[in-house]
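Colleague: My structure is stored as input.cif, with mmCIF, N, CA and C atoms.
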```cif
data_model
#
loop_
_atom_site.label_atom_id
_atom_site.label_comp_id
_atom_site.auth_asym_id
_atom_site.auth_seq_id
_atom_site.Cartn_x
_atom_site.Cartn_y
_atom_site.Cartn_z
N MET A 1 9.86 -13.91 -6.26
CA MET A 1 8.82 -12.93 -6.13
C MET A 1 8.57 -12.30 -7.50
N LYS A 2 7.30 -12.17 -7.85
CA LYS A 2 6.93 -11.57 -9.13
C LYS A 2 7.41 -10.12 -9.18
N SER A 3 7.64 -9.63 -10.38
CA SER A 3 8.24 -8.31 -10.53
C SER A 3 7.37 -7.18 -9.97
N ARG A 4 6.07 -7.20 -10.23
CA ARG A 4 5.22 -6.13 -9.69
C ARG A 4 5.08 -6.28 -8.17
N THR A 5 5.17 -7.49 -7.67
CA THR A 5 5.17 -7.69 -6.22
C THR A 5 6.43 -7.08 -5.62
N ARG A 6 7.55 -7.21 -6.32
CA ARG A 6 8.80 -6.59 -5.86
C ARG A 6 8.66 -5.07 -5.81
N ALA A 7 7.99 -4.50 -6.80
CA ALA A 7 7.77 -3.05 -6.81
C ALA A 7 6.86 -2.64 -5.66
N ARG A 8 5.83 -3.44 -5.39
CA ARG A 8 4.95 -3.15 -4.25
C ARG A 8 5.72 -3.27 -2.94
N ALA A 9 6.59 -4.27 -2.86
CA ALA A 9 7.40 -4.43 -1.64
C ALA A 9 8.30 -3.22 -1.42
N LEU A 10 8.89 -2.72 -2.49
CA LEU A 10 9.70 -1.51 -2.40
C LEU A 10 8.85 -0.34 -1.92
N ALA A 11 7.69 -0.17 -2.49
CA ALA A 11 6.79 0.92 -2.08
C ALA A 11 6.40 0.76 -0.61
N LEU A 12 6.12 -0.46 -0.20
CA LEU A 12 5.76 -0.72 1.20
C LEU A 12 6.90 -0.34 2.14
N GLN A 13 8.11 -0.73 1.78
CA GLN A 13 9.27 -0.40 2.62
C GLN A 13 9.43 1.11 2.76
N VAL A 14 9.27 1.81 1.66
CA VAL A 14 9.40 3.27 1.68
C VAL A 14 8.29 3.88 2.53
N LEU A 15 7.05 3.49 2.29
CA LEU A 15 5.93 4.06 3.04
C LEU A 15 6.02 3.74 4.53
N TYR A 16 6.48 2.56 4.86
CA TYR A 16 6.65 2.18 6.26
C TYR A 16 7.69 3.09 6.93
N GLU A 17 8.83 3.28 6.28
CA GLU A 17 9.86 4.13 6.86
C GLU A 17 9.37 5.57 7.01
N VAL A 18 8.70 6.07 6.00
CA VAL A 18 8.16 7.43 6.06
C VAL A 18 7.16 7.55 7.21
N ASP A 19 6.31 6.54 7.35
CA ASP A 19 5.30 6.52 8.40
C ASP A 19 5.95 6.53 9.79
N MET A 20 7.04 5.81 9.94
CA MET A 20 7.68 5.66 11.25
C MET A 20 8.65 6.80 11.58
N THR A 21 9.22 7.45 10.57
CA THR A 21 10.29 8.41 10.82
C THR A 21 10.02 9.82 10.32
N ASN A 22 9.01 9.98 9.49
CA ASN A 22 8.72 11.27 8.84
C ASN A 22 9.83 11.72 7.89
N HIS A 23 10.64 10.76 7.41
CA HIS A 23 11.61 11.10 6.37
C HIS A 23 10.85 11.43 5.09
N ARG A 24 11.50 12.15 4.20
CA ARG A 24 10.86 12.50 2.93
C ARG A 24 10.80 11.28 2.01
N PRO A 25 9.63 11.02 1.41
CA PRO A 25 9.48 9.80 0.59
C PRO A 25 10.46 9.72 -0.58
N GLY A 26 10.74 10.83 -1.24
CA GLY A 26 11.67 10.81 -2.36
C GLY A 26 13.08 10.41 -1.93
N ASP A 27 13.49 10.91 -0.77
CA ASP A 27 14.81 10.56 -0.24
C ASP A 27 14.88 9.08 0.13
N VAL A 28 13.82 8.60 0.77
CA VAL A 28 13.78 7.19 1.19
C VAL A 28 13.78 6.28 -0.03
N LEU A 29 13.00 6.63 -1.05
CA LEU A 29 12.97 5.83 -2.28
C LEU A 29 14.35 5.78 -2.92
N ALA A 30 14.99 6.92 -3.04
CA ALA A 30 16.32 6.97 -3.66
C ALA A 30 17.31 6.10 -2.87
N GLN A 31 17.27 6.20 -1.56
CA GLN A 31 18.19 5.42 -0.71
C GLN A 31 17.91 3.92 -0.84
N ARG A 32 16.63 3.57 -0.82
CA ARG A 32 16.22 2.17 -0.93
C ARG A 32 16.66 1.60 -2.28
N LEU A 33 16.45 2.35 -3.34
CA LEU A 33 16.86 1.90 -4.68
C LEU A 33 18.36 1.71 -4.73
N ASP A 34 19.10 2.62 -4.16
CA ASP A 34 20.56 2.55 -4.15
C ASP A 34 21.05 1.37 -3.32
N ASP A 35 20.47 1.18 -2.13
CA ASP A 35 20.91 0.13 -1.22
C ASP A 35 20.57 -1.27 -1.71
N GLU A 36 19.34 -1.44 -2.17
CA GLU A 36 18.86 -2.80 -2.45
C GLU A 36 18.77 -3.16 -3.93
N TYR A 37 18.61 -2.17 -4.77
CA TYR A 37 18.35 -2.47 -6.17
C TYR A 37 19.34 -1.78 -7.11
N GLY A 38 20.43 -1.30 -6.57
CA GLY A 38 21.37 -0.49 -7.34
C GLY A 38 22.02 -1.17 -8.51
N GLN A 39 22.67 -2.26 -8.29
CA GLN A 39 23.44 -2.93 -9.33
C GLN A 39 23.10 -4.41 -9.36
N GLY A 40 23.40 -5.04 -10.44
CA GLY A 40 23.31 -6.50 -10.52
C GLY A 40 21.93 -7.01 -10.89
N GLN A 41 21.74 -8.30 -10.59
CA GLN A 41 20.53 -9.02 -10.99
C GLN A 41 19.26 -8.48 -10.36
N ASP A 42 19.36 -7.99 -9.14
CA ASP A 42 18.18 -7.55 -8.43
C ASP A 42 17.67 -6.19 -8.86
N GLN A 43 18.35 -5.56 -9.80
CA GLN A 43 17.96 -4.24 -10.24
C GLN A 43 16.54 -4.26 -10.81
N LEU A 44 15.74 -3.29 -10.39
CA LEU A 44 14.38 -3.18 -10.91
C LEU A 44 14.40 -2.43 -12.24
N SER A 45 13.54 -2.83 -13.15
CA SER A 45 13.42 -2.11 -14.41
C SER A 45 12.86 -0.71 -14.14
N GLN A 46 13.06 0.17 -15.08
CA GLN A 46 12.53 1.53 -14.94
C GLN A 46 11.02 1.51 -14.80
N GLU A 47 10.36 0.60 -15.49
CA GLU A 47 8.91 0.46 -15.41
C GLU A 47 8.47 0.10 -13.99
N LEU A 48 9.20 -0.79 -13.33
CA LEU A 48 8.85 -1.19 -11.97
C LEU A 48 9.17 -0.10 -10.96
N VAL A 49 10.26 0.62 -11.19
CA VAL A 49 10.58 1.76 -10.32
C VAL A 49 9.46 2.80 -10.45
N GLU A 50 8.99 3.03 -11.66
CA GLU A 50 7.90 3.99 -11.88
C GLU A 50 6.62 3.52 -11.20
N PHE A 51 6.34 2.22 -11.24
CA PHE A 51 5.17 1.67 -10.58
C PHE A 51 5.26 1.89 -9.06
N ALA A 52 6.43 1.61 -8.48
CA ALA A 52 6.63 1.84 -7.05
C ALA A 52 6.46 3.33 -6.73
N HIS A 53 7.01 4.18 -7.58
CA HIS A 53 6.90 5.63 -7.40
C HIS A 53 5.43 6.07 -7.42
N GLN A 54 4.65 5.54 -8.36
CA GLN A 54 3.23 5.87 -8.43
C GLN A 54 2.51 5.48 -7.14
N ILE A 55 2.82 4.31 -6.62
CA ILE A 55 2.20 3.86 -5.38
C ILE A 55 2.58 4.80 -4.24
N ILE A 56 3.87 5.03 -4.08
CA ILE A 56 4.35 5.86 -2.97
C ILE A 56 3.72 7.24 -2.99
N PHE A 57 3.79 7.89 -4.15
CA PHE A 57 3.31 9.27 -4.23
C PHE A 57 1.81 9.35 -4.49
N GLY A 58 1.17 8.21 -4.69
CA GLY A 58 -0.29 8.15 -4.69
C GLY A 58 -0.81 7.98 -3.27
N VAL A 59 -0.15 7.11 -2.50
CA VAL A 59 -0.58 6.81 -1.13
C VAL A 59 -0.20 7.93 -0.16
N TYR A 60 1.02 8.39 -0.23
CA TYR A 60 1.55 9.32 0.79
C TYR A 60 0.67 10.54 1.05
N PRO A 61 0.26 11.29 0.03
CA PRO A 61 -0.54 12.49 0.33
C PRO A 61 -1.96 12.18 0.79
N LEU A 62 -2.42 10.95 0.57
CA LEU A 62 -3.79 10.57 0.93
C LEU A 62 -3.86 9.65 2.15
N ALA A 63 -2.74 9.45 2.81
CA ALA A 63 -2.67 8.46 3.89
C ALA A 63 -3.72 8.71 4.97
N GLN A 64 -3.83 9.94 5.45
CA GLN A 64 -4.80 10.22 6.52
C GLN A 64 -6.23 9.98 6.06
N LYS A 65 -6.55 10.40 4.86
CA LYS A 65 -7.90 10.18 4.34
C LYS A 65 -8.17 8.68 4.16
N MET A 66 -7.17 7.94 3.69
CA MET A 66 -7.34 6.49 3.54
C MET A 66 -7.54 5.84 4.91
N ASP A 67 -6.79 6.31 5.90
CA ASP A 67 -6.95 5.78 7.26
C ASP A 67 -8.38 5.99 7.75
N ASP A 68 -8.92 7.19 7.49
CA ASP A 68 -10.30 7.49 7.90
C ASP A 68 -11.30 6.58 7.20
N VAL A 69 -11.07 6.34 5.91
CA VAL A 69 -11.97 5.48 5.14
C VAL A 69 -11.89 4.04 5.63
N ILE A 70 -10.67 3.57 5.88
CA ILE A 70 -10.50 2.20 6.38
C ILE A 70 -11.21 2.06 7.73
N ALA A 71 -11.04 3.04 8.61
CA ALA A 71 -11.68 3.00 9.93
C ALA A 71 -13.21 3.04 9.79
N GLU A 72 -13.70 3.81 8.83
CA GLU A 72 -15.15 3.94 8.64
C GLU A 72 -15.78 2.64 8.13
N TYR A 73 -15.15 2.02 7.14
CA TYR A 73 -15.76 0.85 6.51
C TYR A 73 -15.29 -0.49 7.08
N ALA A 74 -14.37 -0.45 8.00
CA ALA A 74 -13.94 -1.67 8.69
C ALA A 74 -13.85 -1.39 10.19
N PRO A 75 -14.97 -0.97 10.79
CA PRO A 75 -14.94 -0.53 12.19
C PRO A 75 -14.64 -1.63 13.20
N GLU A 76 -14.78 -2.87 12.79
CA GLU A 76 -14.49 -3.97 13.72
C GLU A 76 -13.00 -4.09 14.03
N TRP A 77 -12.16 -3.36 13.29
CA TRP A 77 -10.72 -3.34 13.54
C TRP A 77 -10.32 -1.91 13.93
N PRO A 78 -10.16 -1.64 15.22
CA PRO A 78 -9.79 -0.27 15.64
C PRO A 78 -8.48 0.17 14.97
N PHE A 79 -8.57 1.26 14.22
CA PHE A 79 -7.45 1.66 13.39
C PHE A 79 -6.19 1.98 14.19
N ASP A 80 -6.35 2.54 15.38
CA ASP A 80 -5.19 2.90 16.18
C ASP A 80 -4.45 1.68 16.72
N GLN A 81 -5.05 0.50 16.57
CA GLN A 81 -4.40 -0.73 17.03
C GLN A 81 -3.79 -1.54 15.89
N ILE A 82 -3.89 -1.04 14.68
CA ILE A 82 -3.34 -1.75 13.53
C ILE A 82 -1.83 -1.50 13.46
N ALA A 83 -1.06 -2.55 13.29
CA ALA A 83 0.40 -2.43 13.17
C ALA A 83 0.75 -1.55 11.97
N ALA A 84 1.83 -0.81 12.09
CA ALA A 84 2.24 0.13 11.04
C ALA A 84 2.44 -0.56 9.69
N ILE A 85 3.02 -1.75 9.69
CA ILE A 85 3.24 -2.45 8.42
C ILE A 85 1.90 -2.82 7.79
N ASP A 86 0.97 -3.29 8.61
CA ASP A 86 -0.36 -3.66 8.10
C ASP A 86 -1.10 -2.43 7.60
N ARG A 87 -0.99 -1.34 8.31
CA ARG A 87 -1.63 -0.08 7.91
C ARG A 87 -1.17 0.33 6.51
N ASN A 88 0.12 0.20 6.26
CA ASN A 88 0.66 0.59 4.95
C ASN A 88 0.29 -0.40 3.85
N ILE A 89 0.19 -1.66 4.18
CA ILE A 89 -0.29 -2.65 3.21
C ILE A 89 -1.74 -2.33 2.82
N LEU A 90 -2.56 -2.01 3.81
CA LEU A 90 -3.95 -1.64 3.54
C LEU A 90 -4.03 -0.38 2.68
N ARG A 91 -3.22 0.61 2.99
CA ARG A 91 -3.23 1.85 2.21
C ARG A 91 -2.89 1.58 0.75
N ILE A 92 -1.87 0.75 0.51
CA ILE A 92 -1.48 0.44 -0.86
C ILE A 92 -2.63 -0.23 -1.61
N ALA A 93 -3.24 -1.22 -0.98
CA ALA A 93 -4.34 -1.93 -1.64
C ALA A 93 -5.51 -1.00 -1.93
N VAL A 94 -5.88 -0.18 -0.95
CA VAL A 94 -7.00 0.76 -1.16
C VAL A 94 -6.67 1.72 -2.29
N TRP A 95 -5.45 2.23 -2.29
CA TRP A 95 -5.05 3.14 -3.37
C TRP A 95 -5.15 2.44 -4.72
N GLU A 96 -4.66 1.19 -4.79
CA GLU A 96 -4.67 0.48 -6.06
C GLU A 96 -6.07 0.20 -6.58
N PHE A 97 -6.97 -0.27 -5.72
CA PHE A 97 -8.27 -0.68 -6.25
C PHE A 97 -9.34 0.40 -6.20
N SER A 98 -9.16 1.43 -5.40
CA SER A 98 -10.20 2.45 -5.32
C SER A 98 -9.82 3.80 -5.90
N ILE A 99 -8.55 4.11 -5.88
CA ILE A 99 -8.15 5.46 -6.29
C ILE A 99 -7.50 5.46 -7.66
N SER A 100 -6.47 4.64 -7.84
CA SER A 100 -5.75 4.66 -9.11
C SER A 100 -6.49 3.88 -10.19
N GLY A 101 -7.18 2.83 -9.79
CA GLY A 101 -7.88 2.00 -10.76
C GLY A 101 -6.97 1.16 -11.64
N ILE A 102 -5.68 1.07 -11.28
CA ILE A 102 -4.75 0.33 -12.13
C ILE A 102 -4.74 -1.16 -11.85
N THR A 103 -5.33 -1.55 -10.72
CA THR A 103 -5.28 -2.95 -10.32
C THR A 103 -6.69 -3.44 -10.00
N PRO A 104 -7.09 -4.56 -10.59
CA PRO A 104 -8.40 -5.12 -10.25
C PRO A 104 -8.47 -5.46 -8.76
N LEU A 105 -9.65 -5.39 -8.21
CA LEU A 105 -9.89 -5.61 -6.79
C LEU A 105 -9.26 -6.90 -6.27
N LYS A 106 -9.56 -8.02 -6.92
CA LYS A 106 -9.05 -9.31 -6.44
C LYS A 106 -7.53 -9.37 -6.48
N VAL A 107 -6.92 -8.78 -7.50
CA VAL A 107 -5.47 -8.76 -7.60
C VAL A 107 -4.88 -7.92 -6.47
N ALA A 108 -5.47 -6.76 -6.21
CA ALA A 108 -4.98 -5.89 -5.14
C ALA A 108 -5.06 -6.60 -3.79
N ILE A 109 -6.14 -7.31 -3.54
CA ILE A 109 -6.28 -8.05 -2.28
C ILE A 109 -5.25 -9.17 -2.21
N ASN A 110 -5.11 -9.94 -3.28
CA ASN A 110 -4.13 -11.03 -3.29
C ASN A 110 -2.71 -10.51 -3.07
N GLU A 111 -2.37 -9.41 -3.73
CA GLU A 111 -1.04 -8.83 -3.57
C GLU A 111 -0.83 -8.33 -2.14
N ALA A 112 -1.86 -7.73 -1.55
CA ALA A 112 -1.76 -7.26 -0.17
C ALA A 112 -1.54 -8.44 0.79
N VAL A 113 -2.24 -9.52 0.57
CA VAL A 113 -2.07 -10.71 1.40
C VAL A 113 -0.65 -11.26 1.25
N GLU A 114 -0.13 -11.26 0.03
CA GLU A 114 1.25 -11.72 -0.20
C GLU A 114 2.25 -10.83 0.55
N LEU A 115 2.05 -9.52 0.51
CA LEU A 115 2.94 -8.62 1.26
C LEU A 115 2.83 -8.89 2.76
N ALA A 116 1.61 -9.15 3.23
CA ALA A 116 1.42 -9.46 4.65
C ALA A 116 2.15 -10.75 5.04
N LYS A 117 2.17 -11.73 4.16
CA LYS A 117 2.90 -12.97 4.43
C LYS A 117 4.40 -12.71 4.53
N LEU A 118 4.90 -11.78 3.70
CA LEU A 118 6.33 -11.49 3.69
C LEU A 118 6.76 -10.59 4.83
N TYR A 119 5.95 -9.60 5.18
CA TYR A 119 6.39 -8.56 6.10
C TYR A 119 5.61 -8.49 7.41
N GLY A 120 4.45 -9.10 7.46
CA GLY A 120 3.60 -8.99 8.64
C GLY A 120 3.79 -10.13 9.62
N SER A 121 3.00 -10.09 10.66
CA SER A 121 3.01 -11.14 11.66
C SER A 121 2.33 -12.39 11.10
N ASP A 122 2.29 -13.46 11.89
CA ASP A 122 1.65 -14.70 11.45
C ASP A 122 0.16 -14.51 11.16
N THR A 123 -0.47 -13.60 11.89
CA THR A 123 -1.90 -13.38 11.72
C THR A 123 -2.21 -12.29 10.69
N ALA A 124 -1.20 -11.61 10.21
CA ALA A 124 -1.41 -10.47 9.29
C ALA A 124 -2.14 -10.85 8.00
N PRO A 125 -1.80 -11.95 7.34
CA PRO A 125 -2.51 -12.25 6.08
C PRO A 125 -4.02 -12.37 6.25
N ARG A 126 -4.45 -13.07 7.30
CA ARG A 126 -5.90 -13.20 7.54
C ARG A 126 -6.52 -11.85 7.87
N PHE A 127 -5.81 -11.07 8.68
CA PHE A 127 -6.29 -9.75 9.06
C PHE A 127 -6.45 -8.85 7.83
N ILE A 128 -5.40 -8.79 7.01
CA ILE A 128 -5.43 -7.96 5.80
C ILE A 128 -6.57 -8.41 4.88
N ASN A 129 -6.72 -9.70 4.69
CA ASN A 129 -7.79 -10.23 3.84
C ASN A 129 -9.16 -9.84 4.39
N GLY A 130 -9.33 -9.92 5.70
CA GLY A 130 -10.61 -9.58 6.32
C GLY A 130 -10.96 -8.10 6.17
N VAL A 131 -9.99 -7.24 6.45
CA VAL A 131 -10.24 -5.80 6.32
C VAL A 131 -10.54 -5.44 4.87
N LEU A 132 -9.73 -5.94 3.95
CA LEU A 132 -9.95 -5.62 2.54
C LEU A 132 -11.26 -6.21 2.02
N GLY A 133 -11.66 -7.35 2.57
CA GLY A 133 -12.97 -7.90 2.21
C GLY A 133 -14.09 -6.96 2.61
N SER A 134 -13.98 -6.36 3.80
CA SER A 134 -14.98 -5.38 4.24
C SER A 134 -14.96 -4.14 3.35
N LEU A 135 -13.77 -3.70 2.99
CA LEU A 135 -13.64 -2.51 2.14
C LEU A 135 -14.12 -2.79 0.72
N ALA A 136 -13.91 -4.00 0.24
CA ALA A 136 -14.30 -4.36 -1.12
C ALA A 136 -15.80 -4.20 -1.33
N ASP A 137 -16.57 -4.46 -0.28
CA ASP A 137 -18.02 -4.31 -0.37
C ASP A 137 -18.42 -2.86 -0.63
N HIS A 138 -17.51 -1.93 -0.37
CA HIS A 138 -17.80 -0.50 -0.52
C HIS A 138 -16.86 0.16 -1.53
N GLN A 139 -16.27 -0.63 -2.39
CA GLN A 139 -15.25 -0.14 -3.33
C GLN A 139 -15.71 1.10 -4.10
N HIS A 140 -16.90 1.07 -4.65
CA HIS A 140 -17.35 2.18 -5.50
C HIS A 140 -17.64 3.43 -4.67
N ILE A 141 -18.18 3.26 -3.48
CA ILE A 141 -18.42 4.41 -2.59
C ILE A 141 -17.09 5.03 -2.18
N ILE A 142 -16.11 4.19 -1.86
CA ILE A 142 -14.79 4.68 -1.48
C ILE A 142 -14.17 5.46 -2.64
N ALA A 143 -14.26 4.90 -3.83
CA ALA A 143 -13.71 5.59 -5.00
C ALA A 143 -14.36 6.95 -5.19
N LEU A 144 -15.67 7.02 -5.01
CA LEU A 144 -16.37 8.29 -5.14
C LEU A 144 -15.93 9.29 -4.07
N GLN A 145 -15.69 8.81 -2.86
CA GLN A 145 -15.24 9.70 -1.79
C GLN A 145 -13.91 10.37 -2.17
N PHE A 146 -13.03 9.62 -2.76
CA PHE A 146 -11.73 10.18 -3.15
C PHE A 146 -11.86 11.09 -4.36
N LYS A 147 -12.76 10.76 -5.28
CA LYS A 147 -12.96 11.64 -6.45
C LYS A 147 -13.54 12.97 -6.02
N LYS A 148 -14.48 12.96 -5.08
CA LYS A 148 -15.07 14.21 -4.58
C LYS A 148 -14.01 15.06 -3.89
N GLY A 149 -13.12 14.38 -3.13
CA GLY A 149 -12.08 15.09 -2.39
C GLY A 149 -11.04 15.73 -3.29
N SER A 150 -10.86 15.20 -4.51
CA SER A 150 -9.83 15.73 -5.41
C SER A 150 -10.38 16.79 -6.37
N SER A 151 -11.72 16.98 -6.40
CA SER A 151 -12.25 17.97 -7.33
C SER A 151 -12.28 19.34 -6.74
#
```
Just dump the structure as structure tokens.

Modeller:
Amino acid sequence: MKSRTRARALALQVLYEVDMTNHRPGDVLAQRLDDEYGQGQDQLSQELVEFAHQIIFGVYPLAQKMDDVIAEYAPEWPFDQIAAIDRNILRIAVWEFSISGITPLKVAINEAVELAKLYGSDTAPRFINGVLGSLADHQHIIALQFKKGSS
């Protein structure tokens, strides 16, 4: 797995746990880093830990607003029926390509599909690609919605 994909996977695991349990994201990140990436070869570089941290603390406070945006621009997929893991994959991708601007659209979609292959159901990759394709058509409008909300 590519290094930034590993950081996204870490962020996904943290966001999923927070979503399901309401644990504090900082505590979950610290525990996850200690359990899975603490020592040895699998240790993440400080740069990758920081990237995961940016995703987690970029997505977490905006989760509800992102959910509303996803539901608005991809209405053919009822949001309340989306699996929790898929919901968090979508949130990460939307944050990356519309809010943070650190990841090009196509890369964010490809990375989301890769996470869906690793963590989602058999149909998750196609689902994630379809939803993000719908959202991609509105990328600039979505970005403006978040900029207005933060001013």

Colleague: May I have the residues within 6.5 Å of Ala112 (chain A) as a compact mmCIF listing (two decimals) with N, CA and C atoms, in the frame of the given file, using only N, CA and C atoms and disregarding those fewer than 3 positions away in the same chain?

Modeller:
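Done, and the output landed in out-v2.txt:
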```txt
# COMPACT_ATOMS: atom_id res chain seq x y z
N ILE A 89 0.19 -1.66 4.18
CA ILE A 89 -0.29 -2.65 3.21
C ILE A 89 -1.74 -2.33 2.82
N ALA A 93 -3.24 -1.22 -0.98
CA ALA A 93 -4.34 -1.93 -1.64
C ALA A 93 -5.51 -1.00 -1.93
N VAL A 107 -6.92 -8.78 -7.50
CA VAL A 107 -5.47 -8.76 -7.60
C VAL A 107 -4.88 -7.92 -6.47
N ALA A 108 -5.47 -6.76 -6.21
CA ALA A 108 -4.98 -5.89 -5.14
C ALA A 108 -5.06 -6.60 -3.79
N ILE A 109 -6.14 -7.31 -3.54
CA ILE A 109 -6.28 -8.05 -2.28
C ILE A 109 -5.25 -9.17 -2.21
N LEU A 115 2.05 -9.52 0.51
CA LEU A 115 2.94 -8.62 1.26
C LEU A 115 2.83 -8.89 2.76
N ALA A 116 1.61 -9.15 3.23
CA ALA A 116 1.42 -9.46 4.65
C ALA A 116 2.15 -10.75 5.04
N LYS A 117 2.17 -11.73 4.16
CA LYS A 117 2.90 -12.97 4.43
C LYS A 117 4.40 -12.71 4.53
N ILE A 128 -5.40 -8.79 7.01
CA ILE A 128 -5.43 -7.96 5.80
C ILE A 128 -6.57 -8.41 4.88
```

Colleague: I'd like to know which residues of region 4-135 of chain A are alpha helix (DSSP H) (by DSSP, run on the backbone); could you write them as a count of residues only?

Modeller: 94

Colleague: Which residue is closest to Trp77 (chain A)? Choose from A:Gln64, A:Asp19, A:Gln145, A:Ser134 and count only C-alpha atoms.

Modeller: A:Ser134

Colleague: Can you tell me how far atom N of Ser121 (chain A) sits from atom C of Ala9 (chain A), in Å to one decimal?

Modeller: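 One can read the atom N of Ser121 (chain A) to atom C of Ala9 (chain A) distance as 14.9 Å.
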
Colleague: Expressed in Å to a single decimal, how great is the separation between CA of Leu33 (chain A) and atom N of Met66 (chain A)?

Modeller: 26.2 Å

Colleague: Can you find the residues with an atom no farther than 10 Å from (-8.0, -0.6, -6.9), counting only C-alpha atoms, and report them as a list in words?

Modeller: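 So the residues meeting the distance criterion are Ile92, Ala93, Val94, Trp95, Glu96, Phe97, Ser98, Ile99, Ser100, Gly101, Ile102, Thr103, Pro104, Leu105, Lys106, Val107, Ala108, Ile109, Ala136, Gln139, His140 and Ala143 of chain A.
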
Colleague: Would you please work out which residue, of A:Gln13, A:Ala84, A:Thr5, A:Lys148, is nearest to Val113 (chain A) when using only C-alpha atoms?

Modeller: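 Using only C-alpha atoms, the shortest distance to Val113 (chain A) belongs to A:Thr5.
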
Colleague: What is the distance between atom N of Ile82 (chain A) and CA of Val59 (chain A), in Å to one decimal?

Modeller: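 Taking atom N of Ile82 (chain A) and CA of Val59 (chain A), their separation equals 18.0 Å.
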
Colleague: So which residues get picked by the PyMOL selection byres (((chain A and resi 43-57 and name CA) around 9) and name CA) here, written as an MDAnalysis selection string?

Modeller: chainID A and resid 3:4 6:12 14:15 25:26 29 33 36:42 58:62 92 95:96 100

Colleague: Can you tell me, as JSON, numbers by chain, what residues are no more than 8 Å from Ile70 (chain A) when counting only N, CA and C atoms, ignoring any on the same chain fewer than 6 positions away?

Modeller: {"A": [64, 76, 77, 78, 79, 90, 131, 135]}

Colleague: Restricting the calculation to only C-alpha atoms: of A:Phe146, A:Ile85, A:Ile141, A:Arg32, which residue gets closest to Gly120 (chain A)?

Modeller: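 Smallest distance to Gly120 (chain A) is found for A:Ile85.
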